[in-house]
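final.pdb follows; it contains PDB, C-alpha atoms.
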ATOM      1  CA  MET F   1     -76.149  64.385  18.727
ATOM      2  CA  PHE F   2     -77.777  67.822  19.005
ATOM      3  CA  THR F   3     -79.013  69.137  15.657
ATOM      4  CA  ILE F   4     -80.691  72.386  14.655
ATOM      5  CA  PHE F   5     -81.901  71.347  11.216
ATOM      6  CA  LYS F   6     -83.503  67.941  10.741
ATOM      7  CA  ASN F   7     -84.482  66.418   7.399
ATOM      8  CA  THR F   8     -83.967  69.654   5.483
ATOM      9  CA  HIS F   9     -84.270  69.705   1.700
ATOM     10  CA  TYR F  10     -83.034  73.153   0.708
ATOM     11  CA  ASP F  11     -82.118  73.545  -2.949
ATOM     12  CA  PHE F  12     -78.789  75.311  -2.446
ATOM     13  CA  GLN F  13     -77.467  74.479  -5.907
ATOM     14  CA  GLY F  14     -80.551  75.891  -7.567
ATOM     15  CA  LYS F  15     -79.356  79.315  -6.353
ATOM     16  CA  ARG F  16     -75.718  78.846  -7.359
ATOM     17  CA  ARG F  17     -75.841  81.306 -10.283
ATOM     18  CA  ILE F  18     -77.216  84.031  -7.987
ATOM     19  CA  ALA F  19     -74.485  83.222  -5.449
ATOM     20  CA  PHE F  20     -71.814  83.465  -8.166
ATOM     21  CA  PHE F  21     -73.146  86.905  -9.169
ATOM     22  CA  ILE F  22     -73.154  88.152  -5.567
ATOM     23  CA  SER F  23     -69.620  86.888  -4.936
ATOM     24  CA  ALA F  24     -68.253  88.346  -8.179
ATOM     25  CA  SER F  25     -69.901  91.704  -7.418
ATOM     26  CA  LEU F  26     -68.408  91.882  -3.925
ATOM     27  CA  ILE F  27     -64.936  91.004  -5.195
ATOM     28  CA  ILE F  28     -65.103  93.590  -7.987
ATOM     29  CA  ILE F  29     -66.317  96.311  -5.605
ATOM     30  CA  GLY F  30     -63.444  95.536  -3.229
ATOM     31  CA  LEU F  31     -60.842  95.590  -6.002
ATOM     32  CA  VAL F  32     -62.211  98.869  -7.394
ATOM     33  CA  ALA F  33     -62.081 100.408  -3.907
ATOM     34  CA  THR F  34     -58.462  99.262  -3.577
ATOM     35  CA  VAL F  35     -57.523 100.873  -6.904
ATOM     36  CA  LEU F  36     -59.369 104.115  -6.118
ATOM     37  CA  ARG F  37     -57.560 104.403  -2.771
ATOM     38  CA  GLY F  38     -54.202 103.945  -4.468
ATOM     39  CA  GLY F  39     -53.579 100.448  -3.132
ATOM     40  CA  PRO F  40     -53.944  98.727   0.240
ATOM     41  CA  ASN F  41     -53.661 100.768   3.423
ATOM     42  CA  TYR F  42     -50.552  99.118   4.867
ATOM     43  CA  SER F  43     -49.586  99.661   8.489
ATOM     44  CA  ILE F  44     -46.134 100.571   9.769
ATOM     45  CA  ASP F  45     -45.296  96.855   9.748
ATOM     46  CA  PHE F  46     -45.018  97.094   5.968
ATOM     47  CA  THR F  47     -44.315 100.763   5.255
ATOM     48  CA  GLY F  48     -41.698 101.370   7.953
ATOM     49  CA  GLY F  49     -41.782 103.783  10.872
ATOM     50  CA  LEU F  50     -40.832 104.427  14.482
ATOM     51  CA  SER F  51     -41.729 102.312  17.479
ATOM     52  CA  ILE F  52     -41.446 104.371  20.688
ATOM     53  CA  VAL F  53     -41.932 102.804  24.128
ATOM     54  CA  LEU F  54     -43.068 105.366  26.720
ATOM     55  CA  ARG F  55     -43.541 105.107  30.469
ATOM     56  CA  PHE F  56     -45.801 107.603  32.217
ATOM     57  CA  GLU F  57     -45.444 108.388  35.912
ATOM     58  CA  GLN F  58     -49.157 107.756  36.376
ATOM     59  CA  HIS F  59     -51.534 105.419  34.578
ATOM     60  CA  VAL F  60     -53.030 106.691  31.314
ATOM     61  CA  GLU F  61     -55.574 105.058  29.057
ATOM     62  CA  GLU F  62     -54.585 103.896  25.597
ATOM     63  CA  SER F  63     -57.605 105.662  24.093
ATOM     64  CA  ASP F  64     -56.513 108.984  25.655
ATOM     65  CA  VAL F  65     -52.983 108.646  24.267
ATOM     66  CA  ARG F  66     -54.401 107.662  20.871
ATOM     67  CA  ALA F  67     -56.616 110.761  20.869
ATOM     68  CA  ALA F  68     -53.657 112.962  21.882
ATOM     69  CA  MET F  69     -51.558 111.509  19.063
ATOM     70  CA  GLY F  70     -54.358 112.317  16.640
ATOM     71  CA  GLU F  71     -54.302 115.959  17.752
ATOM     72  CA  LEU F  72     -50.540 115.988  17.207
ATOM     73  CA  GLY F  73     -51.031 115.018  13.581
ATOM     74  CA  PHE F  74     -50.776 111.215  13.835
ATOM     75  CA  PRO F  75     -54.364 109.943  13.398
ATOM     76  CA  ASP F  76     -53.127 106.490  12.334
ATOM     77  CA  ALA F  77     -50.717 106.042  15.249
ATOM     78  CA  GLU F  78     -50.794 102.594  16.828
ATOM     79  CA  VAL F  79     -50.880 102.653  20.624
ATOM     80  CA  LYS F  80     -50.491  99.405  22.556
ATOM     81  CA  LEU F  81     -50.173  98.652  26.256
ATOM     82  CA  VAL F  82     -47.072  96.658  27.203
ATOM     83  CA  ILE F  83     -47.099  95.105  30.671
ATOM     84  CA  GLY F  84     -44.039  93.469  32.161
ATOM     85  CA  ARG F  85     -42.605  92.991  35.661
ATOM     86  CA  GLY F  86     -45.353  95.040  37.228
ATOM     87  CA  GLN F  87     -44.691  98.058  34.986
ATOM     88  CA  GLU F  88     -46.985  99.560  32.384
ATOM     89  CA  ASP F  89     -45.457 100.927  29.202
ATOM     90  CA  LEU F  90     -47.113 102.246  26.088
ATOM     91  CA  MET F  91     -45.762 101.432  22.653
ATOM     92  CA  VAL F  92     -46.510 104.132  20.097
ATOM     93  CA  ARG F  93     -45.887 103.381  16.431
ATOM     94  CA  ILE F  94     -45.846 106.193  13.861
ATOM     95  CA  PRO F  95     -44.559 106.728  10.302
ATOM     96  CA  GLU F  96     -40.906 107.705  10.292
ATOM     97  CA  ALA F  97     -40.010 111.271   9.314
ATOM     98  CA  ALA F  98     -36.732 112.619   7.942
ATOM     99  CA  ASP F  99     -35.645 113.889  11.369
ATOM    100  CA  ALA F 100     -36.620 111.181  13.854
ATOM    101  CA  ASP F 101     -35.102 112.963  16.875
ATOM    102  CA  ALA F 102     -37.093 116.129  16.235
ATOM    103  CA  GLN F 103     -40.228 114.050  15.745
ATOM    104  CA  ILE F 104     -39.750 112.290  19.090
ATOM    105  CA  GLU F 105     -39.159 115.613  20.882
ATOM    106  CA  SER F 106     -42.320 117.007  19.300
ATOM    107  CA  ILE F 107     -44.339 113.990  20.446
ATOM    108  CA  LEU F 108     -42.993 114.188  23.999
ATOM    109  CA  SER F 109     -43.766 117.888  24.320
ATOM    110  CA  GLY F 110     -47.227 117.340  22.851
ATOM    111  CA  LEU F 111     -48.007 114.499  25.252
ATOM    112  CA  GLN F 112     -46.694 116.561  28.164
ATOM    113  CA  ALA F 113     -49.148 119.301  27.210
ATOM    114  CA  ALA F 114     -51.972 116.770  26.855
ATOM    115  CA  PHE F 115     -51.206 115.147  30.237
ATOM    116  CA  PRO F 116     -49.912 117.924  32.517
ATOM    117  CA  GLY F 117     -48.288 116.667  35.694
ATOM    118  CA  ASN F 118     -47.819 113.193  34.236
ATOM    119  CA  GLU F 119     -44.376 113.135  32.677
ATOM    120  CA  ALA F 120     -43.524 110.527  30.020
ATOM    121  CA  ALA F 121     -40.058 109.024  29.641
ATOM    122  CA  VAL F 122     -38.767 107.313  26.516
ATOM    123  CA  ARG F 123     -37.760 103.739  27.297
ATOM    124  CA  SER F 124     -36.683 102.695  23.816
ATOM    125  CA  VAL F 125     -36.905 103.695  20.168
ATOM    126  CA  GLU F 126     -36.796 101.274  17.261
ATOM    127  CA  ALA F 127     -36.922 102.142  13.580
ATOM    128  CA  VAL F 128     -38.464  99.869  10.954
ATOM    129  CA  GLY F 129     -37.087 100.889   7.576
ATOM    130  CA  PRO F 130     -39.094 100.764   4.334
ATOM    131  CA  LYS F 131     -36.854  97.966   3.063
ATOM    132  CA  ILE F 132     -37.687  95.762   6.051
ATOM    133  CA  GLY F 133     -41.353  96.603   5.594
ATOM    134  CA  HIS F 134     -41.132  95.583   1.936
ATOM    135  CA  GLU F 135     -39.515  92.279   2.916
ATOM    136  CA  LEU F 136     -42.234  91.631   5.495
ATOM    137  CA  ARG F 137     -44.915  92.330   2.895
ATOM    138  CA  ASN F 138     -43.316  89.885   0.449
ATOM    139  CA  ALA F 139     -42.985  87.288   3.202
ATOM    140  CA  ALA F 140     -46.676  87.675   4.096
ATOM    141  CA  ILE F 141     -47.739  87.208   0.459
ATOM    142  CA  LEU F 142     -45.420  84.201   0.142
ATOM    143  CA  ALA F 143     -46.914  82.652   3.289
ATOM    144  CA  ILE F 144     -50.435  82.889   1.848
ATOM    145  CA  ILE F 145     -49.368  81.475  -1.536
ATOM    146  CA  ALA F 146     -47.444  78.623   0.122
ATOM    147  CA  SER F 147     -50.425  77.726   2.298
ATOM    148  CA  LEU F 148     -52.703  77.603  -0.761
ATOM    149  CA  PHE F 149     -50.199  75.402  -2.623
ATOM    150  CA  PHE F 150     -49.984  72.820   0.162
ATOM    151  CA  ILE F 151     -53.776  72.870   0.456
ATOM    152  CA  VAL F 152     -54.008  71.911  -3.232
ATOM    153  CA  VAL F 153     -51.574  69.044  -2.664
ATOM    154  CA  TYR F 154     -53.457  67.781   0.400
ATOM    155  CA  ILE F 155     -56.956  67.929  -1.084
ATOM    156  CA  THR F 156     -55.781  66.371  -4.368
ATOM    157  CA  TRP F 157     -54.323  63.494  -2.353
ATOM    158  CA  ARG F 158     -57.368  63.088  -0.128
ATOM    159  CA  PHE F 159     -60.100  63.719  -2.720
ATOM    160  CA  GLN F 160     -59.503  64.654  -6.362
ATOM    161  CA  TYR F 161     -57.908  67.464  -8.315
ATOM    162  CA  ARG F 162     -61.276  69.107  -9.083
ATOM    163  CA  TYR F 163     -62.054  69.214  -5.365
ATOM    164  CA  ALA F 164     -58.730  70.955  -4.736
ATOM    165  CA  ILE F 165     -59.445  73.613  -7.387
ATOM    166  CA  ALA F 166     -62.922  74.210  -5.951
ATOM    167  CA  ALA F 167     -61.506  74.591  -2.432
ATOM    168  CA  ILE F 168     -58.770  77.001  -3.565
ATOM    169  CA  ALA F 169     -61.334  79.077  -5.470
ATOM    170  CA  ALA F 170     -63.443  79.318  -2.296
ATOM    171  CA  LEU F 171     -60.446  80.262  -0.117
ATOM    172  CA  THR F 172     -59.298  82.897  -2.614
ATOM    173  CA  HIS F 173     -62.869  84.203  -2.675
ATOM    174  CA  ASP F 174     -62.857  84.534   1.134
ATOM    175  CA  VAL F 175     -59.537  86.386   1.304
ATOM    176  CA  LEU F 176     -60.456  88.745  -1.561
ATOM    177  CA  ILE F 177     -63.796  89.707  -0.014
ATOM    178  CA  VAL F 178     -62.298  90.393   3.428
ATOM    179  CA  PHE F 179     -59.421  92.259   1.769
ATOM    180  CA  GLY F 180     -61.984  94.292  -0.180
ATOM    181  CA  LEU F 181     -63.836  95.167   3.023
ATOM    182  CA  PHE F 182     -60.596  96.525   4.468
ATOM    183  CA  SER F 183     -60.129  98.678   1.350
ATOM    184  CA  ILE F 184     -63.721  99.941   1.408
ATOM    185  CA  LEU F 185     -63.482 100.869   5.104
ATOM    186  CA  ASN F 186     -59.870 102.070   4.694
ATOM    187  CA  LEU F 187     -58.634  99.829   7.511
ATOM    188  CA  GLN F 188     -54.929  99.164   7.910
ATOM    189  CA  ILE F 189     -53.412  95.839   6.936
ATOM    190  CA  SER F 190     -50.863  94.806   9.542
ATOM    191  CA  LEU F 191     -49.069  91.564  10.359
ATOM    192  CA  ALA F 192     -51.921  90.726  12.748
ATOM    193  CA  VAL F 193     -54.425  91.115   9.910
ATOM    194  CA  VAL F 194     -52.306  88.841   7.691
ATOM    195  CA  ALA F 195     -52.426  86.296  10.521
ATOM    196  CA  ALA F 196     -56.215  86.715  10.501
ATOM    197  CA  PHE F 197     -56.257  86.016   6.745
ATOM    198  CA  LEU F 198     -54.363  82.766   7.303
ATOM    199  CA  THR F 199     -56.764  81.877  10.125
ATOM    200  CA  ILE F 200     -59.691  82.503   7.760
ATOM    201  CA  VAL F 201     -58.100  80.174   5.201
ATOM    202  CA  GLY F 202     -57.785  77.421   7.803
ATOM    203  CA  TYR F 203     -61.313  77.883   9.141
ATOM    204  CA  SER F 204     -62.953  77.994   5.717
ATOM    205  CA  LEU F 205     -60.956  74.973   4.544
ATOM    206  CA  ASN F 206     -62.093  72.932   7.539
ATOM    207  CA  ASP F 207     -65.740  73.698   6.787
ATOM    208  CA  THR F 208     -65.277  72.947   3.080
ATOM    209  CA  ILE F 209     -63.588  69.594   3.737
ATOM    210  CA  VAL F 210     -66.497  68.497   5.952
ATOM    211  CA  VAL F 211     -68.915  69.166   3.083
ATOM    212  CA  PHE F 212     -66.606  67.523   0.531
ATOM    213  CA  ASP F 213     -66.240  64.441   2.702
ATOM    214  CA  ARG F 214     -70.025  64.024   2.861
ATOM    215  CA  ILE F 215     -70.271  64.562  -0.901
ATOM    216  CA  ARG F 216     -67.721  61.803  -1.456
ATOM    217  CA  GLU F 217     -69.728  59.434   0.761
ATOM    218  CA  ASN F 218     -73.018  60.223  -0.967
ATOM    219  CA  VAL F 219     -71.499  59.825  -4.441
ATOM    220  CA  LYS F 220     -70.936  56.179  -3.494
ATOM    221  CA  LYS F 221     -74.216  55.694  -1.589
ATOM    222  CA  LEU F 222     -76.639  57.549  -3.864
ATOM    223  CA  ARG F 223     -75.493  56.311  -7.268
ATOM    224  CA  SER F 224     -78.959  56.539  -8.795
ATOM    225  CA  LYS F 225     -79.245  60.284  -8.121
ATOM    226  CA  PRO F 226     -77.710  63.071 -10.236
ATOM    227  CA  PHE F 227     -74.555  64.705  -8.901
ATOM    228  CA  LEU F 228     -76.408  67.978  -8.227
ATOM    229  CA  ASP F 229     -78.853  66.173  -5.929
ATOM    230  CA  GLN F 230     -75.996  64.377  -4.196
ATOM    231  CA  VAL F 231     -74.355  67.743  -3.435
ATOM    232  CA  ASN F 232     -77.614  69.252  -2.164
ATOM    233  CA  ILE F 233     -78.243  66.268   0.093
ATOM    234  CA  SER F 234     -74.688  66.443   1.436
ATOM    235  CA  ILE F 235     -74.957  70.144   2.298
ATOM    236  CA  ASN F 236     -78.320  69.604   4.002
ATOM    237  CA  GLU F 237     -76.905  66.716   6.035
ATOM    238  CA  THR F 238     -73.972  68.855   7.263
ATOM    239  CA  LEU F 239     -75.999  72.074   7.636
ATOM    240  CA  SER F 240     -76.618  71.647  11.361
ATOM    241  CA  ARG F 241     -72.921  71.056  12.039
ATOM    242  CA  THR F 242     -71.970  74.070   9.896
ATOM    243  CA  VAL F 243     -74.372  76.424  11.663
ATOM    244  CA  LEU F 244     -73.391  75.224  15.134
ATOM    245  CA  THR F 245     -69.660  75.543  14.449
ATOM    246  CA  SER F 246     -69.956  78.956  12.806
ATOM    247  CA  GLY F 247     -72.387  80.222  15.442
ATOM    248  CA  THR F 248     -70.200  79.322  18.410
ATOM    249  CA  THR F 249     -67.140  80.767  16.649
ATOM    250  CA  LEU F 250     -69.003  83.995  15.900
ATOM    251  CA  ILE F 251     -69.966  84.394  19.561
ATOM    252  CA  VAL F 252     -66.299  84.317  20.586
ATOM    253  CA  VAL F 253     -65.227  86.644  17.764
ATOM    254  CA  PHE F 254     -68.061  89.087  18.559
ATOM    255  CA  ILE F 255     -66.855  89.312  22.162
ATOM    256  CA  LEU F 256     -63.286  89.779  20.941
ATOM    257  CA  TYR F 257     -64.407  92.519  18.543
ATOM    258  CA  PHE F 258     -66.522  94.536  20.980
ATOM    259  CA  PHE F 259     -64.556  94.028  24.195
ATOM    260  CA  GLY F 260     -61.024  93.224  23.030
ATOM    261  CA  GLY F 261     -59.947  96.834  22.712
ATOM    262  CA  ALA F 262     -58.657  98.924  19.836
ATOM    263  CA  VAL F 263     -55.369  97.019  19.659
ATOM    264  CA  ILE F 264     -56.965  93.892  18.176
ATOM    265  CA  HIS F 265     -59.992  95.600  16.638
ATOM    266  CA  ASP F 266     -58.899  95.117  13.012
ATOM    267  CA  PHE F 267     -57.769  91.538  13.690
ATOM    268  CA  ALA F 268     -61.149  90.674  15.235
ATOM    269  CA  PHE F 269     -63.014  92.394  12.391
ATOM    270  CA  ALA F 270     -61.111  90.318   9.820
ATOM    271  CA  LEU F 271     -62.012  87.135  11.706
ATOM    272  CA  LEU F 272     -65.640  88.236  12.063
ATOM    273  CA  ALA F 273     -66.025  88.844   8.343
ATOM    274  CA  GLY F 274     -63.950  85.765   7.497
ATOM    275  CA  VAL F 275     -66.108  83.356   9.510
ATOM    276  CA  VAL F 276     -69.284  84.609   7.818
ATOM    277  CA  VAL F 277     -67.767  84.597   4.315
ATOM    278  CA  GLY F 278     -66.035  81.243   4.891
ATOM    279  CA  THR F 279     -69.291  79.575   5.926
ATOM    280  CA  TYR F 280     -71.026  81.059   2.886
ATOM    281  CA  SER F 281     -68.290  79.962   0.474
ATOM    282  CA  SER F 282     -68.295  76.308   1.531
ATOM    283  CA  ILE F 283     -71.979  76.124   0.528
ATOM    284  CA  PHE F 284     -72.311  78.639  -2.305
ATOM    285  CA  VAL F 285     -68.830  78.716  -3.888
ATOM    286  CA  ALA F 286     -66.860  75.488  -3.409
ATOM    287  CA  SER F 287     -69.751  73.046  -3.874
ATOM    288  CA  PRO F 288     -71.332  74.885  -6.863
ATOM    289  CA  ILE F 289     -67.953  74.847  -8.652
ATOM    290  CA  LEU F 290     -67.984  71.043  -8.336
ATOM    291  CA  VAL F 291     -71.516  70.987  -9.746
ATOM    292  CA  GLU F 292     -70.631  73.209 -12.708
ATOM    293  CA  TRP F 293     -67.496  71.163 -13.376
ATOM    294  CA  ASN F 294     -69.483  67.929 -13.287
ATOM    295  CA  ILE F 295     -72.097  69.329 -15.684
ATOM    296  CA  ARG F 296     -69.394  70.166 -18.227
ATOM    297  CA  LYS F 297     -67.219  67.116 -17.575
ATOM    298  CA  PRO F 298     -69.088  64.400 -15.657
ATOM    299  CA  GLU F 299     -67.060  62.400 -13.176
ATOM    300  CA  LYS F 300     -66.564  58.793 -14.167
ATOM    301  CA  ARG F 301     -68.336  56.401 -11.841
ATOM    302  CA  THR F 302     -67.311  52.821 -11.319
ATOM    303  CA  LYS F 303     -69.992  50.169 -10.936
ATOM    304  CA  LYS F 304     -70.307  48.179  -7.737
TER     305      LYS F 304
END

Structure re-expressed in structure tokens:
Amino acid sequence: MFTIFKNTHYDFQGKRRIAFFISASLIIIGLVATVLRGGPNYSIDFTGGLSIVLRFEQHVEESDVRAAMGELGFPDAEVKLVIGRGQEDLMVRIPEAADADAQIESILSGLQAAFPGNEAAVRSVEAVGPKIGHELRNAAILAIIASLFFIVVYITWRFQYRYAIAAIAALTHDVLIVFGLFSILNLQISLAVVAAFLTIVGYSLNDTIVVFDRIRENVKKLRSKPFLDQVNISINETLSRTVLTSGTTLIVVFILYFFGGAVIHDFAFALLAGVVVGTYSSIFVASPILVEWNIRKPEKRTKK
């Protein structure tokens, strides 16, 4: 098996208090930024708006339409390319105004001025009301809470209750830090970003379970050593696997972020930050919580 790190003896748990301080600081900064901005920057998926599908006579670039929409007073307009049956349509999503018809006419005339000789026709118009957006937001929150609940049940069944609490703390840490980054950078939270959050939860959990599984093995094998040393040894033994998995994932996400286009830019950014934070949390959040818990309430060990 190919390994990057061989026979490493890094004292990860010796730095756990520093890691706790860094994590707490990042979470607090993100929450403060959210409060100062008046709450999360929700997209039209959650706030409601208009979804207009346009078809131009000649091909236009999404970036050009996005820039034109910005000049028309819609800097946060979402522009996506929709391809079907050999035809290219553009879906433009904007916040809904009181007079939707007048707003559509204004957009059409503005785009006609921005692209002279390339007439745009409206293929369809759909309205997403604020009530539907509110229901979607509640459903997204419920999906995250439900996933965390079933994770607790699974890890409690496979390991122990303290392992489940440590894993949930690490997953919550990951989501809060990525959420805070979105608030600091004032990026929109859409349904795609919520999907990225759930992907982050799954990725981070997988990495954490690998470390926990090795800890469980070493607790039985290395009975003469303190629990802190058992955790350090377990992390060092899985370090090569962690770096390889995270590194290959980051390569794919980097390509998605830089070459995937503006449509999935926020989704790719959430994954990019989530992979880094998730790898960090499995070593410096989940495992240290087990160590601190064991210091305060040592785990009972059965003799062979």

Resolved residues for the PyMOL selection byres ((chain F and resi 106-123) around 9) as an NGL selection string: :F and (52-60 or 65 or 68-69 or 71-72 or 89 or 101-105 or 124-125)

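Applied to this file, the PyMOL selection byres ((chain F and resi 282-296) around 6) selects the residues Arg16, Ala19, Ala166, Ala167, Ala170, Thr208, Leu228, Thr279, Tyr280, Ser281, Lys297 and Pro298 of chain F.
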
Contacts of region 145-150 of chain F within 8 Å, all atoms listed in the file, excl. fewer than 4 positions in-chain, as a list in words: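 Contacts, in chain order: Ile141, Tyr154 and Ile168 of chain F.
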
With C-alpha atoms retained, export the selected residues as a JSON list (two decimals), in the frame of the given file.
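Writing the result to part34.json gives the following:
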[["chain", "number", "residue", "atom", "x", "y", "z"],
["F", 141, "ILE", "CA", -47.74, 87.21, 0.46],
["F", 154, "TYR", "CA", -53.46, 67.78, 0.40],
["F", 168, "ILE", "CA", -58.77, 77.00, -3.56]]

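Proximity to Ile144 (chain F) was assessed for F:Asp11, F:Leu176, F:Val201, F:Ala127 counting all atoms listed in the file; the smallest distance is recorded for F:Val201.
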
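Distance-wise, CA of Glu62 (chain F) and CA of Phe179 (chain F) end up 27.0 Å apart.
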
Contact residues around Gly30 (chain F) with all atoms listed in the file at 8 Å, ignoring same-chain residues under 3 positions, as a ChimeraX atom specification: /F:26-27,33-34,176-177,179-181,183-184

Nearby residues, (-61.0, 97.1, 17.9) file frame, 12 Å, only C-alpha atoms, as a PyMOL selection string: chain F and resi 63+78-80+187-188+193+253-272
